[in-house]
file coords.tsv (TSV, C-alpha atoms)
chain	number	residue	atom	x	y	z
A	1	MET	CA	-49.17	17.94	0.50
A	2	PRO	CA	-48.20	15.56	3.32
A	3	SER	CA	-45.85	16.84	6.01
A	4	VAL	CA	-43.88	13.57	6.13
A	5	SER	CA	-43.36	10.65	3.75
A	6	ILE	CA	-42.49	7.20	5.13
A	7	VAL	CA	-40.50	5.06	2.68
A	8	ILE	CA	-40.19	1.30	3.17
A	9	PRO	CA	-37.94	-0.75	0.88
A	10	MET	CA	-39.30	-4.31	0.61
A	11	HIS	CA	-38.06	-7.49	-1.02
A	12	ASN	CA	-40.08	-10.66	-0.31
A	13	GLU	CA	-41.61	-9.30	2.90
A	14	ALA	CA	-45.23	-10.35	2.29
A	15	ASP	CA	-45.85	-11.46	5.88
A	16	ASN	CA	-44.49	-8.19	7.29
A	17	VAL	CA	-46.49	-5.75	5.15
A	18	ALA	CA	-49.68	-5.50	7.22
A	19	LEU	CA	-47.85	-5.27	10.54
A	20	LEU	CA	-45.66	-2.43	9.26
A	21	VAL	CA	-48.36	-0.42	7.52
A	22	GLU	CA	-50.72	-0.61	10.50
A	23	GLY	CA	-47.90	0.34	12.87
A	24	ILE	CA	-46.80	3.27	10.72
A	25	ALA	CA	-50.33	4.61	10.36
A	26	LYS	CA	-50.75	4.55	14.14
A	27	ALA	CA	-47.36	6.14	14.84
A	28	CYS	CA	-47.81	8.90	12.25
A	29	SER	CA	-51.25	9.93	13.49
A	30	VAL	CA	-49.44	12.60	15.54
A	31	ALA	CA	-48.29	14.31	12.31
A	32	ASP	CA	-50.48	16.83	10.48
A	33	SER	CA	-50.51	14.59	7.42
A	34	PHE	CA	-48.44	11.72	6.08
A	35	GLU	CA	-48.06	9.22	3.27
A	36	ILE	CA	-46.63	5.71	3.26
A	37	ILE	CA	-44.63	4.56	0.23
A	38	CYS	CA	-43.89	0.85	-0.01
A	39	VAL	CA	-41.23	0.11	-2.62
A	40	ASP	CA	-41.56	-3.47	-3.83
A	41	ASP	CA	-38.02	-4.21	-4.96
A	42	GLY	CA	-38.52	-7.08	-7.38
A	43	SER	CA	-40.30	-9.37	-4.91
A	44	THR	CA	-41.20	-12.87	-6.06
A	45	ASP	CA	-43.72	-13.51	-3.27
A	46	GLU	CA	-47.06	-11.82	-2.49
A	47	THR	CA	-45.60	-8.52	-1.22
A	48	ALA	CA	-47.28	-6.45	-3.96
A	49	SER	CA	-50.72	-8.04	-3.57
A	50	ARG	CA	-50.59	-7.61	0.23
A	51	ILE	CA	-49.83	-3.90	-0.23
A	52	ARG	CA	-52.71	-3.48	-2.70
A	53	ALA	CA	-55.09	-5.19	-0.28
A	54	LEU	CA	-54.28	-2.58	2.39
A	55	GLN	CA	-54.82	0.45	0.17
A	56	ALA	CA	-58.60	0.42	0.59
A	57	ASP	CA	-58.24	1.01	4.34
A	58	HIS	CA	-55.17	3.26	4.01
A	59	PRO	CA	-55.75	5.91	1.32
A	60	THR	CA	-52.33	7.46	1.96
A	61	LEU	CA	-50.59	4.15	1.12
A	62	ARG	CA	-48.74	4.15	-2.21
A	63	MET	CA	-46.76	1.42	-3.93
A	64	LEU	CA	-43.83	1.57	-6.31
A	65	GLN	CA	-42.53	-1.56	-8.03
A	66	HIS	CA	-39.11	-2.45	-9.41
A	67	PRO	CA	-39.40	-5.21	-12.03
A	68	THR	CA	-36.16	-6.72	-10.72
A	69	ALA	CA	-34.40	-6.36	-7.38
A	70	GLY	CA	-32.08	-3.36	-7.31
A	71	GLY	CA	-31.16	-3.43	-3.62
A	72	GLN	CA	-32.06	-1.35	-0.60
A	73	SER	CA	-30.41	1.89	-1.69
A	74	SER	CA	-32.13	1.71	-5.07
A	75	ALA	CA	-35.51	1.15	-3.42
A	76	VAL	CA	-34.99	4.00	-0.95
A	77	HIS	CA	-33.90	6.33	-3.75
A	78	SER	CA	-37.00	5.52	-5.82
A	79	GLY	CA	-39.20	6.13	-2.79
A	80	VAL	CA	-37.61	9.48	-1.99
A	81	LEU	CA	-37.90	10.62	-5.61
A	82	ALA	CA	-41.63	9.82	-5.49
A	83	ALA	CA	-42.20	11.33	-2.03
A	84	LYS	CA	-44.38	14.44	-1.85
A	85	ALA	CA	-43.31	15.67	1.61
A	86	PRO	CA	-40.26	17.79	2.42
A	87	ILE	CA	-39.34	15.37	5.22
A	88	VAL	CA	-38.78	11.67	4.59
A	89	CYS	CA	-38.34	8.83	7.07
A	90	THR	CA	-37.20	5.32	6.25
A	91	LEU	CA	-37.38	2.00	8.04
A	92	ASP	CA	-36.52	-1.53	7.00
A	93	GLY	CA	-39.20	-3.78	5.56
A	94	ASP	CA	-38.35	-6.74	7.78
A	95	GLY	CA	-40.24	-5.44	10.81
A	96	GLN	CA	-37.16	-5.09	13.01
A	97	ASN	CA	-37.45	-1.28	13.13
A	98	PRO	CA	-40.52	-0.55	15.31
A	99	PRO	CA	-42.74	2.05	13.58
A	100	SER	CA	-43.48	3.59	17.00
A	101	GLU	CA	-39.99	5.13	16.86
A	102	LEU	CA	-40.78	7.24	13.77
A	103	PRO	CA	-42.02	10.35	15.66
A	104	LYS	CA	-38.56	10.65	17.27
A	105	LEU	CA	-37.19	11.25	13.80
A	106	PHE	CA	-39.67	13.51	12.06
A	107	THR	CA	-40.51	15.62	15.12
A	108	LEU	CA	-36.91	16.81	15.42
A	109	LEU	CA	-36.82	17.74	11.75
A	110	MET	CA	-40.19	19.51	11.85
A	111	ASN	CA	-39.17	21.51	14.91
A	112	ASP	CA	-35.81	22.59	13.46
A	113	LYS	CA	-35.92	26.39	13.22
A	114	THR	CA	-32.34	26.81	12.04
A	115	GLY	CA	-32.70	25.08	8.69
A	116	THR	CA	-29.37	23.32	9.30
A	117	LEU	CA	-30.54	19.88	10.46
A	118	GLY	CA	-30.33	17.50	7.53
A	119	LEU	CA	-30.51	14.06	9.10
A	120	VAL	CA	-31.79	12.34	12.22
A	121	ALA	CA	-30.21	8.89	12.46
A	122	GLY	CA	-31.56	6.13	14.65
A	123	GLN	CA	-29.10	4.06	16.66
A	124	ARG	CA	-30.30	0.67	17.83
A	125	VAL	CA	-30.21	-0.38	21.47
A	126	GLY	CA	-30.98	-3.91	22.68
A	127	ARG	CA	-30.45	-5.46	19.25
A	128	LYS	CA	-32.24	-8.74	18.57
A	129	ASP	CA	-29.80	-10.03	15.93
A	130	THR	CA	-27.54	-13.07	16.24
A	131	LEU	CA	-24.28	-12.69	18.14
A	132	SER	CA	-22.21	-13.09	14.96
A	133	LYS	CA	-24.20	-10.38	13.21
A	134	ARG	CA	-23.76	-8.01	16.18
A	135	TRP	CA	-20.01	-8.64	16.26
A	136	ALA	CA	-19.70	-8.07	12.51
A	137	SER	CA	-21.72	-4.87	12.79
A	138	LYS	CA	-19.63	-3.61	15.71
A	139	PHE	CA	-16.40	-4.19	13.78
A	140	ALA	CA	-17.77	-2.55	10.62
A	141	ASN	CA	-19.08	0.47	12.53
A	142	GLY	CA	-15.78	0.87	14.35
A	143	LEU	CA	-13.77	0.77	11.12
A	144	ARG	CA	-16.17	3.15	9.38
A	145	GLY	CA	-16.14	5.58	12.29
A	146	TRP	CA	-12.34	5.57	12.39
A	147	MET	CA	-12.05	6.29	8.65
A	148	LEU	CA	-14.95	8.68	8.13
A	149	LYS	CA	-15.25	10.38	11.54
A	150	ASP	CA	-19.03	10.53	11.10
A	151	GLY	CA	-19.83	10.32	14.83
A	152	THR	CA	-22.34	7.49	14.30
A	153	ARG	CA	-22.08	4.21	16.19
A	154	ASP	CA	-24.77	2.37	14.17
A	155	THR	CA	-25.04	3.52	10.57
A	156	GLY	CA	-26.79	0.28	9.56
A	157	CYS	CA	-30.01	1.20	11.36
A	158	GLY	CA	-32.85	1.57	8.85
A	159	LEU	CA	-34.65	4.19	10.95
A	160	LYS	CA	-33.58	7.52	9.49
A	161	GLY	CA	-35.27	10.86	8.89
A	162	PHE	CA	-33.97	13.54	6.56
A	163	ARG	CA	-34.76	16.53	4.40
A	164	ARG	CA	-35.81	15.29	0.96
A	165	ASP	CA	-33.88	18.01	-0.86
A	166	ALA	CA	-30.69	17.27	1.09
A	167	PHE	CA	-30.92	13.55	0.30
A	168	LEU	CA	-31.50	14.05	-3.41
A	169	ALA	CA	-28.44	16.33	-3.62
A	170	LEU	CA	-26.18	13.48	-2.44
A	171	PRO	CA	-24.17	11.37	-4.91
A	172	TYR	CA	-26.12	8.18	-5.54
A	173	PHE	CA	-24.45	4.76	-5.44
A	174	ASP	CA	-25.41	1.28	-4.30
A	175	HIS	CA	-25.35	0.88	-0.50
A	176	MET	CA	-25.31	4.65	0.02
A	177	HIS	CA	-28.01	4.23	2.71
A	178	ARG	CA	-25.28	2.97	5.08
A	179	TYR	CA	-23.27	6.18	4.73
A	180	LEU	CA	-25.91	8.89	5.06
A	181	PRO	CA	-24.39	10.53	8.18
A	182	ALA	CA	-20.98	10.93	6.49
A	183	LEU	CA	-22.50	12.07	3.20
A	184	MET	CA	-24.82	14.60	4.85
A	185	ALA	CA	-21.96	15.99	6.94
A	186	ARG	CA	-19.90	16.23	3.76
A	187	ASP	CA	-22.52	18.60	2.38
A	188	GLY	CA	-22.50	20.74	5.53
A	189	TRP	CA	-25.67	19.48	7.21
A	190	GLU	CA	-26.05	18.99	10.95
A	191	ILE	CA	-26.67	15.41	12.11
A	192	ALA	CA	-28.72	14.34	15.14
A	193	HIS	CA	-28.74	10.86	16.69
A	194	VAL	CA	-31.55	9.21	18.64
A	195	ASP	CA	-31.63	5.84	20.39
A	196	VAL	CA	-34.29	3.51	18.99
A	197	SER	CA	-35.47	0.05	19.96
A	198	HIS	CA	-35.03	-3.07	17.87
A	199	ALA	CA	-37.32	-6.06	17.38
A	200	ALA	CA	-36.83	-9.67	16.39
A	201	ARG	CA	-37.80	-10.53	12.83
A	202	HIS	CA	-41.53	-11.24	12.59
A	203	SER	CA	-41.17	-13.32	9.43
A	204	GLY	CA	-38.75	-14.08	6.61
A	205	SER	CA	-34.95	-14.12	6.59
A	206	SER	CA	-32.09	-11.68	6.12
A	207	LYS	CA	-31.12	-10.87	2.52
A	208	TYR	CA	-27.38	-10.68	3.31
A	209	ASN	CA	-24.81	-12.72	5.19
A	210	ASN	CA	-21.89	-11.35	7.18
A	211	LEU	CA	-19.32	-12.11	4.46
A	212	GLN	CA	-21.36	-10.31	1.79
A	213	ARG	CA	-21.73	-7.25	4.02
A	214	ALA	CA	-18.00	-7.20	4.81
A	215	LEU	CA	-16.82	-7.45	1.20
A	216	VAL	CA	-19.20	-4.80	-0.08
A	217	GLY	CA	-18.62	-2.59	2.95
A	218	ILE	CA	-14.85	-2.38	2.52
A	219	TYR	CA	-15.18	-1.42	-1.14
A	220	ASP	CA	-17.78	1.25	-0.37
A	221	LEU	CA	-15.87	2.60	2.62
A	222	PHE	CA	-12.88	3.62	0.53
A	223	GLY	CA	-15.18	5.13	-2.07
A	224	VAL	CA	-16.99	7.28	0.50
A	225	ALA	CA	-13.68	8.36	2.04
A	226	TRP	CA	-12.59	9.48	-1.44
A	227	LEU	CA	-15.83	11.41	-1.95
A	228	ILE	CA	-15.33	13.24	1.35
A	229	ARG	CA	-11.74	14.17	0.53
A	230	ARG	CA	-12.71	15.44	-2.91
A	231	ARG	CA	-15.52	17.65	-1.64
A	232	LYS	CA	-14.71	21.37	-1.87
A	233	LYS	CA	-16.79	23.42	0.51
A	234	ALA	CA	-17.37	26.97	-0.65
A	235	ARG	CA	-19.01	29.71	1.35
A	236	PRO	CA	-22.49	30.53	0.00
A	237	LEU	CA	-22.63	33.64	-2.12
A	238	ALA	CA	-24.41	36.63	-0.64
A	239	GLU	CA	-27.69	37.24	-2.41
A	240	GLU	CA	-27.76	40.45	-4.43
A	241	ARG	CA	-30.78	42.66	-3.94
A	242	SER	CA	-31.86	45.34	-6.33

call {"tool": "encode", "arguments": {"input": "coords.tsv", "output": "structure tokens"}}
result
Amino acid sequence: MPSVSIVIPMHNEADNVALLVEGIAKACSVADSFEIICVDDGSTDETASRIRALQADHPTLRMLQHPTAGGQSSAVHSGVLAAKAPIVCTLDGDGQNPPSELPKLFTLLMNDKTGTLGLVAGQRVGRKDTLSKRWASKFANGLRGWMLKDGTRDTGCGLKGFRRDAFLALPYFDHMHRYLPALMARDGWEIAHVDVSHAARHSGSSKYNNLQRALVGIYDLFGVAWLIRRRKKARPLAEERS
């Protein structure tokens, strides 16, 4: 069984596949064992064939395919369900999350002796996005932080590491990947934050515009706030021993 599974959601990212897989394999060589799961989320380009071409040289590379695009949260969820390791890390398929940052995530989780650390969230520094996208992200993160009190300045960063069992216990909904710190804290898990670098897009274009993000984000934000308020935290029962 691998010690860490790397899940990459991909939609029409054919020209980024090789760069990401090679980078991940190099970065994860410090782990005892690992697997890479590329989730082809209904791509209409050569993403799937590029992944298959790499499997001969990367025996730990797996591919899942959605027949139609379900979105990033759907792709991440499928990848985590299929993952064989107890620790999962994610990064975006557009190449803007440098794979070299992955050890920052899984090392903290592997070295956790308390069993209370559920999530390590990357927070981008030196972002390479457009000014309008950075402004929109700053506003959205500020509003989210004010409402949810999740202590995260950059929840949109794709670089995240978490316990597989903790993730699968969360309520699933579209765009949930943007609210993992709040959802994990809701379930009583400790959250760690690490600064990570950010790269310019190697190829392709963004799948969302600022207006789409804003409209969906407001709707989801109130939903997550409701979920947090409705959560009843009970003390764990003491185990009976005969």

call {"tool": "residues_around", "arguments": {"input": "coords.tsv", "residues": "segment 153-165 of chain A", "least_positions_apart": "4", "cutoff": "6 Å", "atoms": "all atoms listed in the file", "output": "number ranges by chain"}}
result
A: 86-92, 105, 118-123, 178

call {"tool": "closest_residue", "arguments": {"input": "coords.tsv", "among": "A:Gly79, A:Ala18, A:Asp32, A:Ser74", "to": "Ala53 of chain A", "atoms": "only C-alpha atoms"}}
result
A:Ala18

call {"tool": "atom_distance", "arguments": {"input": "coords.tsv", "atom1": "atom CA of Pro59 of chain A", "atom2": "atom CA of Lys104 of chain A"}}
result
23.9 Å

call {"tool": "closest_residue", "arguments": {"input": "coords.tsv", "among": "A:Thr68, A:Leu54, A:Ala14, A:Ala31", "to": "Thr107 of chain A", "atoms": "all atoms listed in the file"}}
result
A:Ala31

call {"tool": "residues_around", "arguments": {"input": "coords.tsv", "residues": "Leu170 of chain A", "least_positions_apart": "6", "cutoff": "12 Å", "atoms": "only C-alpha atoms", "output": "VMD selection string"}}
result
chain A and resid 77 118 162 to 164 176 to 177 179 to 189 224 227 to 228 231

call {"tool": "atom_distance", "arguments": {"input": "coords.tsv", "atom1": "atom CA of Arg124 of chain A", "atom2": "atom CA of Ile36 of chain A"}}
result
22.5 Å

call {"tool": "atom_distance", "arguments": {"input": "coords.tsv", "atom1": "atom CA of Leu19 of chain A", "atom2": "atom CA of Gly70 of chain A"}}
result
23.9 Å

call {"tool": "residues_around", "arguments": {"input": "coords.tsv", "residues": "Asp40 of chain A", "least_positions_apart": "6", "cutoff": "10 Å", "atoms": "only C-alpha atoms", "output": "MDAnalysis selection string"}}
result
chainID A and resid 8:14 47:48 51 63:69 75 79 93

call {"tool": "residues_around", "arguments": {"input": "coords.tsv", "residues": "Ile24 of chain A", "least_positions_apart": "5", "cutoff": "10 Å", "atoms": "all atoms listed in the file", "output": "ChimeraX atom specification"}}
result
/A:6,18-19,29,34-36,91,98-103

call {"tool": "closest_residue", "arguments": {"input": "coords.tsv", "among": "A:Ser5, A:Ser78, A:Gln96, A:Gln72", "to": "Asp174 of chain A", "atoms": "only C-alpha atoms"}}
result
A:Gln72
